[in-house]
Amino acid sequence: MIGLKKIGFIGTGIMGEPMARNLMKAGYEVAVYNRTKAKADRLLEEGAEWCGTVKECAAGRDMVITIIGSPKDVEEVYFGPEGVLENAAPGTYLADMTTTSPKLAVRIYEEALKRGLHALDAPVTGGDRGAKDGTLTILAGGDKESFDACRPVFEKMGKTIVYEGKAGNGQHTKMCNQIAVAGTLAGIAEAMVYGKNAGLDVSLMIDTISTGAAGSVQMNIQAPKILAGDYGPGFFIKHFIKDMGLADEESRAVGVDLRVLETVLDMYKDLAEKGMEEEGMQALVKYYNW
């Protein structure tokens, strides 16, 4: 391990906790902050340093990583007198791995540049399984030199690490990912509902079509959960609604009408209104009275 050693990690939820753990296993000195301290307890038991504030977690680190909730949360964590930008020392590398607004990513990059900081937007895909296994796909935007410096750290959390170009491009690429996932999930749900109502053995049907043109990572992960009645969150419905809302907003900004995305977004909003926002994305099948 060369270069970056001391890492401040902000956000120890479903994704952040295993990501921070993988860094610790790789020998990095990891200090953590989370609004709810209990969500960091396991990491603290394993040797992470607790920080009581964002300011404390950002100060004196070689790199600060954030993976939190919404664009509003990201803005609060980065800006203001108690934020990351104000308290990280010049030369620190910053990587926001939250799925958030490309415009906000550019704003963070520009403010960081003024302060001698190196900011990347580096959202991830791969879900909680990828976070635990260290096989996430990491989509990075910002300066290539900053990406190269942070790559050894990213490699301890992900398997596919891609430099997508200028600041904001990591987030734009994540928008594309979520757009594609939305349509894929809807297709899987509809295939399963159709198969069930046609009298098929749905498990056999999934095993069959997953080996052909309909096969996908999402089918391999989500269909077995649906068949097992497992609607636990590998990724919360509420967070997917946030992501799709961002993608819808960005698509409108570039003059694109994404009808499938908008339809799937409305379906998930309906489930959230019925109290399912804390369930996993695979619960989309419930929209069809599965």
# chains A, B, ... in the order shown; residues from 1 in each chain; ligands from 1
call {"tool": "residues_around", "arguments": {"residues": "Glu111 in chain A", "least_positions_apart": "5", "cutoff": "12 Å", "atoms": "only C-alpha atoms", "output": "number ranges by chain"}}
result
A: 75, 78-80, 84-86, 94, 104-106, 116-120, 167
call {"tool": "write_last_selection", "arguments": {"atoms": "all heavy atoms", "output": "compact mmCIF listing (two decimals), in the first residue's frame"}}
result
# COMPACT_ATOMS: atom_id res chain seq x y z
N GLU A 75 -24.74 17.76 0.24
CA GLU A 75 -24.47 19.19 0.33
C GLU A 75 -24.16 19.59 1.76
O GLU A 75 -23.23 20.36 2.02
CB GLU A 75 -25.68 19.97 -0.19
CG GLU A 75 -25.43 21.47 -0.30
CD GLU A 75 -26.43 22.17 -1.20
OE1 GLU A 75 -27.39 21.51 -1.65
OE2 GLU A 75 -26.23 23.36 -1.44
N TYR A 78 -20.59 18.37 2.78
CA TYR A 78 -19.44 18.98 2.12
C TYR A 78 -19.31 20.48 2.37
O TYR A 78 -18.19 20.99 2.47
CB TYR A 78 -19.48 18.70 0.61
CG TYR A 78 -18.87 17.37 0.27
CD1 TYR A 78 -19.63 16.21 0.29
CD2 TYR A 78 -17.51 17.26 -0.03
CE1 TYR A 78 -19.06 14.97 0.01
CE2 TYR A 78 -16.93 16.04 -0.31
CZ TYR A 78 -17.72 14.89 -0.29
OH TYR A 78 -17.15 13.68 -0.55
N PHE A 79 -20.42 21.18 2.47
CA PHE A 79 -20.35 22.64 2.54
C PHE A 79 -20.62 23.16 3.95
O PHE A 79 -21.18 22.47 4.78
CB PHE A 79 -21.34 23.25 1.55
CG PHE A 79 -21.00 22.98 0.11
CD1 PHE A 79 -21.51 21.86 -0.55
CD2 PHE A 79 -20.14 23.81 -0.58
CE1 PHE A 79 -21.19 21.59 -1.87
CE2 PHE A 79 -19.80 23.56 -1.91
CZ PHE A 79 -20.32 22.43 -2.55
N GLY A 80 -20.19 24.40 4.19
CA GLY A 80 -20.40 25.03 5.49
C GLY A 80 -19.18 24.89 6.39
O GLY A 80 -18.25 24.13 6.11
N VAL A 84 -16.79 19.02 5.01
CA VAL A 84 -15.56 18.40 4.52
C VAL A 84 -14.66 19.41 3.84
O VAL A 84 -13.44 19.47 4.10
CB VAL A 84 -15.89 17.25 3.54
CG1 VAL A 84 -14.63 16.74 2.85
CG2 VAL A 84 -16.60 16.11 4.26
N LEU A 85 -15.21 20.24 2.98
CA LEU A 85 -14.39 21.17 2.20
C LEU A 85 -13.65 22.17 3.09
O LEU A 85 -12.50 22.53 2.82
CB LEU A 85 -15.26 21.92 1.20
CG LEU A 85 -15.81 21.08 0.04
CD1 LEU A 85 -16.90 21.84 -0.71
CD2 LEU A 85 -14.70 20.67 -0.92
N GLU A 86 -14.29 22.59 4.14
CA GLU A 86 -13.69 23.59 5.03
C GLU A 86 -12.63 22.99 5.93
O GLU A 86 -11.71 23.69 6.36
CB GLU A 86 -14.79 24.25 5.89
CG GLU A 86 -14.31 25.40 6.76
CD GLU A 86 -13.91 26.62 5.96
OE1 GLU A 86 -14.45 26.84 4.85
OE2 GLU A 86 -13.03 27.38 6.44
N LEU A 94 -10.80 13.68 -2.09
CA LEU A 94 -12.19 13.52 -1.69
C LEU A 94 -12.91 12.67 -2.72
O LEU A 94 -12.79 12.91 -3.92
CB LEU A 94 -12.89 14.88 -1.59
CG LEU A 94 -12.16 16.01 -0.85
CD1 LEU A 94 -12.97 17.30 -0.94
CD2 LEU A 94 -11.90 15.62 0.61
N LEU A 104 -24.23 18.80 -8.61
CA LEU A 104 -23.63 18.92 -7.28
C LEU A 104 -22.21 18.40 -7.29
O LEU A 104 -21.32 18.97 -6.65
CB LEU A 104 -24.47 18.17 -6.26
CG LEU A 104 -23.97 18.17 -4.81
CD1 LEU A 104 -23.78 19.60 -4.29
CD2 LEU A 104 -24.95 17.40 -3.91
N ALA A 105 -21.96 17.34 -8.04
CA ALA A 105 -20.61 16.80 -8.15
C ALA A 105 -19.65 17.83 -8.74
O ALA A 105 -18.52 18.00 -8.28
CB ALA A 105 -20.62 15.54 -9.01
N VAL A 106 -20.10 18.54 -9.77
CA VAL A 106 -19.27 19.59 -10.38
C VAL A 106 -19.03 20.72 -9.40
O VAL A 106 -17.91 21.25 -9.30
CB VAL A 106 -19.94 20.11 -11.67
CG1 VAL A 106 -19.20 21.32 -12.21
CG2 VAL A 106 -20.00 19.01 -12.73
N GLY A 116 -7.35 23.69 -2.95
CA GLY A 116 -6.22 22.78 -3.07
C GLY A 116 -6.56 21.34 -2.74
O GLY A 116 -5.68 20.55 -2.37
N LEU A 117 -7.83 20.98 -2.89
CA LEU A 117 -8.29 19.62 -2.65
C LEU A 117 -8.57 18.92 -3.98
O LEU A 117 -8.79 19.58 -4.99
CB LEU A 117 -9.57 19.65 -1.80
CG LEU A 117 -9.48 20.38 -0.46
CD1 LEU A 117 -10.87 20.59 0.13
CD2 LEU A 117 -8.62 19.58 0.52
N HIS A 118 -8.56 17.61 -3.97
CA HIS A 118 -8.74 16.83 -5.19
C HIS A 118 -10.03 16.02 -5.08
O HIS A 118 -10.09 15.02 -4.38
CB HIS A 118 -7.55 15.88 -5.39
CG HIS A 118 -6.21 16.54 -5.22
ND1 HIS A 118 -5.68 17.39 -6.16
CD2 HIS A 118 -5.31 16.48 -4.21
CE1 HIS A 118 -4.50 17.81 -5.76
NE2 HIS A 118 -4.26 17.28 -4.57
N ALA A 119 -11.09 16.46 -5.76
CA ALA A 119 -12.40 15.83 -5.61
C ALA A 119 -12.77 14.96 -6.80
O ALA A 119 -12.57 15.33 -7.96
CB ALA A 119 -13.47 16.89 -5.40
N LEU A 120 -13.34 13.80 -6.49
CA LEU A 120 -13.88 12.88 -7.49
C LEU A 120 -15.33 12.57 -7.15
O LEU A 120 -15.68 12.45 -5.97
CB LEU A 120 -13.09 11.57 -7.49
CG LEU A 120 -11.62 11.60 -7.89
CD1 LEU A 120 -10.96 10.28 -7.52
CD2 LEU A 120 -11.47 11.87 -9.39
N ALA A 167 -15.36 15.95 -14.15
CA ALA A 167 -16.23 15.99 -12.98
C ALA A 167 -17.70 15.93 -13.39
O ALA A 167 -18.12 16.62 -14.31
CB ALA A 167 -15.96 17.26 -12.17
call {"tool": "residues_around", "arguments": {"residues": "Lys242 in chain A", "least_positions_apart": "5", "cutoff": "10 Å", "atoms": "only C-alpha atoms", "output": "list in words"}}
result
Gly69, Ser70, Pro71, Thr99, Thr100, Phe236, Ile237, Ala247, Asp248 and Leu265 of chain A
call {"tool": "closest_residue", "arguments": {"among": "A:Pro233, A:Gly126, A:Gly255, A:Gly187", "to": "Ala214 in chain A", "atoms": "only C-alpha atoms"}}
result
A:Gly187
call {"tool": "residues_around", "arguments": {"residues": "range 129-138 of chain A", "least_positions_apart": "2", "cutoff": "8 Å", "atoms": "only C-alpha atoms", "output": "CSV table (one decimal) with all heavy atoms, in the first residue's frame"}}
result
chain,number,residue,atom,x,y,z
A,15,MET,N,-24.3,0.0,2.5
A,15,MET,CA,-23.1,0.0,1.5
A,15,MET,C,-21.8,0.4,2.2
A,15,MET,O,-20.8,-0.3,2.1
A,15,MET,CB,-23.4,0.9,0.4
A,15,MET,CG,-24.6,0.5,-0.5
A,15,MET,SD,-24.3,-1.0,-1.4
A,15,MET,CE,-23.2,-0.5,-2.6
A,16,GLY,N,-21.9,1.5,3.0
A,16,GLY,CA,-20.7,2.0,3.6
A,16,GLY,C,-20.0,1.1,4.6
A,16,GLY,O,-18.7,1.1,4.6
A,18,PRO,N,-19.7,-2.3,4.9
A,18,PRO,CA,-18.7,-3.3,4.3
A,18,PRO,C,-17.6,-2.7,3.5
A,18,PRO,O,-16.5,-3.2,3.4
A,18,PRO,CB,-19.6,-4.2,3.4
A,18,PRO,CG,-20.9,-3.4,3.2
A,18,PRO,CD,-21.0,-2.5,4.4
A,19,MET,N,-17.9,-1.5,2.8
A,19,MET,CA,-16.8,-0.9,2.1
A,19,MET,C,-15.7,-0.4,3.0
A,19,MET,O,-14.5,-0.6,2.7
A,19,MET,CB,-17.4,0.3,1.3
A,19,MET,CG,-18.3,-0.1,0.2
A,19,MET,SD,-19.3,1.3,-0.5
A,19,MET,CE,-18.0,2.3,-1.3
A,22,ASN,N,-13.7,-3.4,4.2
A,22,ASN,CA,-12.7,-3.9,3.3
A,22,ASN,C,-11.4,-3.0,3.2
A,22,ASN,O,-10.3,-3.6,3.1
A,22,ASN,CB,-13.3,-4.0,1.9
A,22,ASN,CG,-14.3,-5.1,1.7
A,22,ASN,OD1,-14.2,-6.1,2.4
A,22,ASN,ND2,-15.3,-5.0,0.8
A,122,ALA,N,-17.6,9.4,-7.5
A,122,ALA,CA,-17.3,8.0,-7.7
A,122,ALA,C,-18.4,7.1,-7.2
A,122,ALA,O,-18.2,6.3,-6.4
A,122,ALA,CB,-16.0,7.7,-7.1
A,123,PRO,N,-19.6,7.3,-7.8
A,123,PRO,CA,-20.7,6.4,-7.4
A,123,PRO,C,-20.4,5.0,-7.7
A,123,PRO,O,-19.6,4.7,-8.6
A,123,PRO,CB,-21.9,7.0,-8.2
A,123,PRO,CG,-21.3,7.6,-9.4
A,123,PRO,CD,-20.0,8.2,-8.9
A,124,VAL,N,-21.1,4.1,-7.0
A,124,VAL,CA,-20.9,2.7,-7.2
A,124,VAL,C,-22.2,1.9,-7.6
A,124,VAL,O,-23.3,2.4,-7.4
A,124,VAL,CB,-20.4,2.0,-5.9
A,124,VAL,CG1,-19.1,2.7,-5.4
A,124,VAL,CG2,-21.5,2.1,-4.8
A,125,THR,N,-22.0,0.8,-8.2
A,125,THR,CA,-23.1,-0.1,-8.5
A,125,THR,C,-22.6,-1.6,-8.1
A,125,THR,O,-21.4,-1.9,-8.2
A,125,THR,CB,-23.6,0.0,-9.9
A,125,THR,OG1,-24.6,-0.9,-10.1
A,125,THR,CG2,-22.4,-0.3,-10.9
A,126,GLY,N,-23.6,-2.4,-7.8
A,126,GLY,CA,-23.2,-3.8,-7.3
A,126,GLY,C,-23.9,-4.2,-6.1
A,126,GLY,O,-23.9,-5.3,-5.7
A,127,GLY,N,-24.6,-3.2,-5.4
A,127,GLY,CA,-25.5,-3.6,-4.3
A,127,GLY,C,-24.7,-4.0,-3.1
A,127,GLY,O,-23.5,-3.9,-3.0
A,140,ALA,N,-15.9,6.8,-11.9
A,140,ALA,CA,-15.3,8.0,-11.4
A,140,ALA,C,-15.2,9.2,-12.4
A,140,ALA,O,-14.8,9.0,-13.5
A,140,ALA,CB,-13.9,7.7,-10.9
A,154,PHE,N,-9.7,2.5,-4.3
A,154,PHE,CA,-10.9,2.0,-4.9
A,154,PHE,C,-10.8,0.5,-5.2
A,154,PHE,O,-11.8,-0.3,-5.1
A,154,PHE,CB,-11.1,2.7,-6.3
A,154,PHE,CG,-11.5,4.1,-6.1
A,154,PHE,CD1,-11.2,5.0,-7.1
A,154,PHE,CD2,-12.2,4.6,-5.1
A,154,PHE,CE1,-11.6,6.4,-7.1
A,154,PHE,CE2,-12.6,5.9,-5.0
A,154,PHE,CZ,-12.3,6.8,-6.0
A,156,LYS,N,-9.6,-1.8,-3.4
A,156,LYS,CA,-9.9,-2.6,-2.2
A,156,LYS,C,-11.5,-2.7,-2.0
A,156,LYS,O,-11.9,-3.5,-1.2
A,156,LYS,CB,-9.3,-2.0,-1.0
A,156,LYS,CG,-7.7,-1.9,-1.1
A,156,LYS,CD,-7.1,-3.3,-1.3
A,156,LYS,CE,-5.6,-3.2,-1.4
A,156,LYS,NZ,-5.1,-2.6,-2.6
A,157,MET,N,-12.2,-1.9,-2.7
A,157,MET,CA,-13.7,-1.9,-2.6
A,157,MET,C,-14.4,-2.4,-3.8
A,157,MET,O,-15.6,-2.8,-3.8
A,157,MET,CB,-14.2,-0.5,-2.2
A,157,MET,CG,-13.7,0.1,-0.9
A,157,MET,SD,-14.3,1.7,-0.6
A,157,MET,CE,-13.4,2.7,-1.8
A,158,GLY,N,-13.7,-2.4,-5.0
A,158,GLY,CA,-14.4,-2.7,-6.2
A,158,GLY,C,-13.5,-3.6,-7.1
A,158,GLY,O,-12.3,-3.7,-6.9
A,159,LYS,N,-14.2,-4.2,-8.1
A,159,LYS,CA,-13.5,-5.0,-9.1
A,159,LYS,C,-13.3,-4.3,-10.4
A,159,LYS,O,-12.3,-4.4,-11.1
A,159,LYS,CB,-14.3,-6.3,-9.3
A,159,LYS,CG,-13.6,-7.3,-10.2
A,159,LYS,CD,-14.4,-8.6,-10.3
A,159,LYS,CE,-13.8,-9.6,-11.2
A,159,LYS,NZ,-14.6,-10.8,-11.3
A,160,THR,N,-14.3,-3.5,-10.8
A,160,THR,CA,-14.3,-2.8,-12.0
A,160,THR,C,-14.2,-1.3,-11.7
A,160,THR,O,-15.2,-0.7,-11.2
A,160,THR,CB,-15.5,-3.1,-12.9
A,160,THR,OG1,-15.6,-4.5,-13.1
A,160,THR,CG2,-15.5,-2.3,-14.2
A,161,ILE,N,-13.1,-0.7,-11.9
A,161,ILE,CA,-12.9,0.8,-11.6
A,161,ILE,C,-12.7,1.5,-12.9
A,161,ILE,O,-11.7,1.2,-13.6
A,161,ILE,CB,-11.8,1.0,-10.6
A,161,ILE,CG1,-12.1,0.2,-9.3
A,161,ILE,CG2,-11.5,2.4,-10.3
A,161,ILE,CD1,-11.4,-1.1,-9.1
A,162,VAL,N,-13.5,2.4,-13.2
A,162,VAL,CA,-13.5,3.1,-14.5
A,162,VAL,C,-13.4,4.6,-14.4
A,162,VAL,O,-14.2,5.2,-13.7
A,162,VAL,CB,-14.7,2.7,-15.4
A,162,VAL,CG1,-14.5,3.3,-16.8
A,162,VAL,CG2,-14.8,1.2,-15.5
A,234,GLY,N,-31.4,-5.1,-0.3
A,234,GLY,CA,-30.0,-5.0,-0.8
A,234,GLY,C,-29.8,-3.5,-1.2
A,234,GLY,O,-28.7,-3.0,-1.1
call {"tool": "residues_around", "arguments": {"residues": "Ala20 in chain A", "least_positions_apart": "3", "cutoff": "9 Å", "atoms": "only C-alpha atoms", "output": "list in words"}}
result
Phe9, Thr12, Met15, Gly16, Glu17, Leu23, Met24, Lys25, Val30, Val32, Leu43, Ala48 and Met157 of chain A
call {"tool": "write_last_selection", "arguments": {"atoms": "C-alpha atoms", "output": "PDB file, in the first residue's frame"}}
result
ATOM      1  CA  PHE A   9     -15.180   7.418   5.930  1.00  0.00           C
ATOM      2  CA  THR A  12     -21.671   3.464   7.415  1.00  0.00           C
ATOM      3  CA  MET A  15     -23.131  -0.042   1.538  1.00  0.00           C
ATOM      4  CA  GLY A  16     -20.696   2.031   3.568  1.00  0.00           C
ATOM      5  CA  GLU A  17     -20.109  -0.412   6.408  1.00  0.00           C
ATOM      6  CA  LEU A  23     -10.402  -0.876   3.551  1.00  0.00           C
ATOM      7  CA  MET A  24      -9.592  -1.824   7.134  1.00  0.00           C
ATOM      8  CA  LYS A  25      -8.821  -5.395   6.078  1.00  0.00           C
ATOM      9  CA  VAL A  30     -10.035   4.207   8.849  1.00  0.00           C
ATOM     10  CA  VAL A  32     -15.671   6.786  10.591  1.00  0.00           C
ATOM     11  CA  LEU A  43     -16.641  -1.220  12.635  1.00  0.00           C
ATOM     12  CA  ALA A  48     -12.107   1.790  13.293  1.00  0.00           C
ATOM     13  CA  MET A 157     -13.689  -1.898  -2.570  1.00  0.00           C
TER      14      MET A 157
END
